[in-house]
Amino acid sequence: MVTVNALSEIAALMGDPARASMLSLLMDGRAHTASELALSAGVTAQTASGHLARMVDANLLAARPQGRNRFYRLASGDVAHAMESIMALAGTRAAPASRTAAWRRDPDLRFCRTCYDHLAGQVGLAVTDSLTQHGHLEPRGPRDWKLTSSGEAFCTRLGVDLAGARAAHSRHFARQCLDWSERRPHISGALGSAIADIFFKKGWAERMRRGRTVRLTDSGRRALSSHFGTSI
């Protein structure tokens, strides 16, 4: 059972503005240097180092040395899931005018983005909705999805690496992740990551050089229509 002290510690770590900025940047699924994270948080390198060390100790981040730099990334998909849920909750507290302004300001981010290693936004929800509407994916309890037999056949035809996804024993297979902009769950976990990999490998989607925004290509729009029976 999680103790109150442990819960309070994690909440405090994620709630600090500088650390929240760093965690938000790392939601793009990439590894970043301490300098990049310090810049995103608007703090000095020394201050950033202290923040990063605390988050590594709390298993929020993982660090990897490379040359003269240390690269940091989210420690797991569960951290990304928690961040996306907090973003969704924070959005409900915004005043309508502010929420509308943010809605206009980030249309590309709302349309398609990475949520750690899977797709989120309108594209991520379109994929999830298609899978559920065709009976390929079913809710399993309050936090997971179940891939049905028809879903297995569909993913196999699409080229999704189901064996690799199932072999990732250290993470959930198919997780419901509350989408902060759509306010409904999209698919995450090892299966969500494997589906996103197909989009990137087939050229249906492209990561932007910076940030979490993902561009849906023309072939990706055709794939949504032909494979998933949806258009956005």
# chains A, B, ... in the order shown; residues from 1 in each chain; ligands from 1
$ select_by_dssp --residues "range 47-230 of chain A" --states "helix (DSSP H, G or I)" --output "MDAnalysis selection string"
chainID A and resid 47:57 77:92 96:105 107:111 121:133 149:158 162:167 189:201 218:228
$ residues_around --residues "range 112-115 of chain A" --least-positions-apart "5" --cutoff "7 Å" --atoms "only C-alpha atoms" --output "list in words"
Met27, Asp28, Ala80, Ala120, Gly121, Gln122, Val123, Gly124, Arg212, Thr213, Val214 and Arg215 of chain A
$ closest_residue --among "A:Ala194, A:Ala45, A:Ala205, A:Met14" --to "Gly159 in chain A" --atoms "only C-alpha atoms"
A:Ala194
$ residues_around --residues "range 190-192 of chain A" --least-positions-apart "3" --cutoff "9 Å" --atoms "only C-alpha atoms" --output "list of chain:residue names"
A:Gly77, A:Asp117, A:His118, A:Leu119, A:Val160, A:Asp161, A:Leu162, A:Gly164, A:Ala165, A:Arg166, A:Ala167, A:Ala168, A:Arg171, A:His172, A:Phe173, A:Ala174, A:Arg175, A:His186, A:Ile187, A:Ile195, A:Ala196, A:Asp197
$ write_last_selection --atoms "C-alpha atoms" --output "mmCIF file, in the first residue's frame"
data_model
loop_
_atom_site.group_PDB
_atom_site.id
_atom_site.type_symbol
_atom_site.label_atom_id
_atom_site.label_comp_id
_atom_site.auth_asym_id
_atom_site.auth_seq_id
_atom_site.Cartn_x
_atom_site.Cartn_y
_atom_site.Cartn_z
ATOM 1 C CA GLY A 77 5.440 4.852 -19.236
ATOM 2 C CA ASP A 117 6.141 6.721 -26.784
ATOM 3 C CA HIS A 118 2.576 6.554 -28.099
ATOM 4 C CA LEU A 119 0.216 8.796 -30.072
ATOM 5 C CA VAL A 160 2.304 -4.303 -35.379
ATOM 6 C CA ASP A 161 4.943 -6.171 -33.365
ATOM 7 C CA LEU A 162 2.605 -7.929 -30.937
ATOM 8 C CA GLY A 164 7.602 -7.630 -28.901
ATOM 9 C CA ALA A 165 4.847 -5.754 -27.089
ATOM 10 C CA ARG A 166 3.933 -8.832 -25.057
ATOM 11 C CA ALA A 167 7.582 -9.494 -24.262
ATOM 12 C CA ALA A 168 7.850 -6.110 -22.512
ATOM 13 C CA ARG A 171 5.254 -2.450 -18.509
ATOM 14 C CA HIS A 172 1.516 -2.679 -19.092
ATOM 15 C CA PHE A 173 0.471 -4.233 -22.395
ATOM 16 C CA ALA A 174 -2.492 -1.976 -23.238
ATOM 17 C CA ARG A 175 -3.147 0.945 -20.897
ATOM 18 C CA HIS A 186 -6.244 6.828 -25.688
ATOM 19 C CA ILE A 187 -4.222 3.621 -25.901
ATOM 20 C CA ILE A 195 1.124 1.046 -32.978
ATOM 21 C CA ALA A 196 2.941 4.390 -32.922
ATOM 22 C CA ASP A 197 6.071 2.654 -34.258
#
$ atom_distance --atom1 "CA of Met83 in chain A" --atom2 "CA of Pro65 in chain A"
24.8 Å
$ closest_residue --among "A:Ala20, A:Leu37, A:Ala62, A:Leu147" --to "Ile86 in chain A" --atoms "only C-alpha atoms"
A:Ala20
$ closest_residue --among "A:Ala34, A:Val79, A:Leu125, A:Leu39" --to "Pro185 in chain A" --atoms "only C-alpha atoms"
A:Leu125
$ residues_around --residues "Asn59 in chain A" --least-positions-apart "6" --cutoff "10 Å" --atoms "only C-alpha atoms" --output "ChimeraX atom specification"
/A:10,53,74-76,79
$ residues_around --residues "Ala11 in chain A" --least-positions-apart "4" --cutoff "12 Å" --atoms "only C-alpha atoms" --output "number ranges by chain"
A: 4-7, 15-17, 19-20, 55, 58, 60, 79, 82-83, 86
$ residues_around --residues "Arg64 in chain A" --least-positions-apart "5" --cutoff "10 Å" --atoms "only C-alpha atoms" --output "mmCIF file with C-alpha atoms, in the first residue's frame"
data_model
loop_
_atom_site.group_PDB
_atom_site.id
_atom_site.type_symbol
_atom_site.label_atom_id
_atom_site.label_comp_id
_atom_site.auth_asym_id
_atom_site.auth_seq_id
_atom_site.Cartn_x
_atom_site.Cartn_y
_atom_site.Cartn_z
ATOM 1 C CA ALA A 31 16.333 11.907 -23.960
ATOM 2 C CA HIS A 32 17.525 15.427 -23.156
ATOM 3 C CA THR A 33 20.665 16.853 -21.602
ATOM 4 C CA ASN A 69 26.843 14.781 -21.040
ATOM 5 C CA ARG A 70 24.198 12.963 -19.065
ATOM 6 C CA PHE A 71 20.959 12.342 -20.900
ATOM 7 C CA TYR A 72 17.691 12.157 -19.006
ATOM 8 C CA ARG A 73 14.369 10.617 -19.947
#
$ select_by_dssp --residues "chain A" --states "strand (DSSP E)" --output "PyMOL selection string"
chain A and resi 32-33+61-66+69-74+113-115+118-120+137-140+144-147+175-178+185-188+205-207+214-216
$ atom_distance --atom1 "CA of Ala90 in chain A" --atom2 "CA of Thr44 in chain A"
26.7 Å
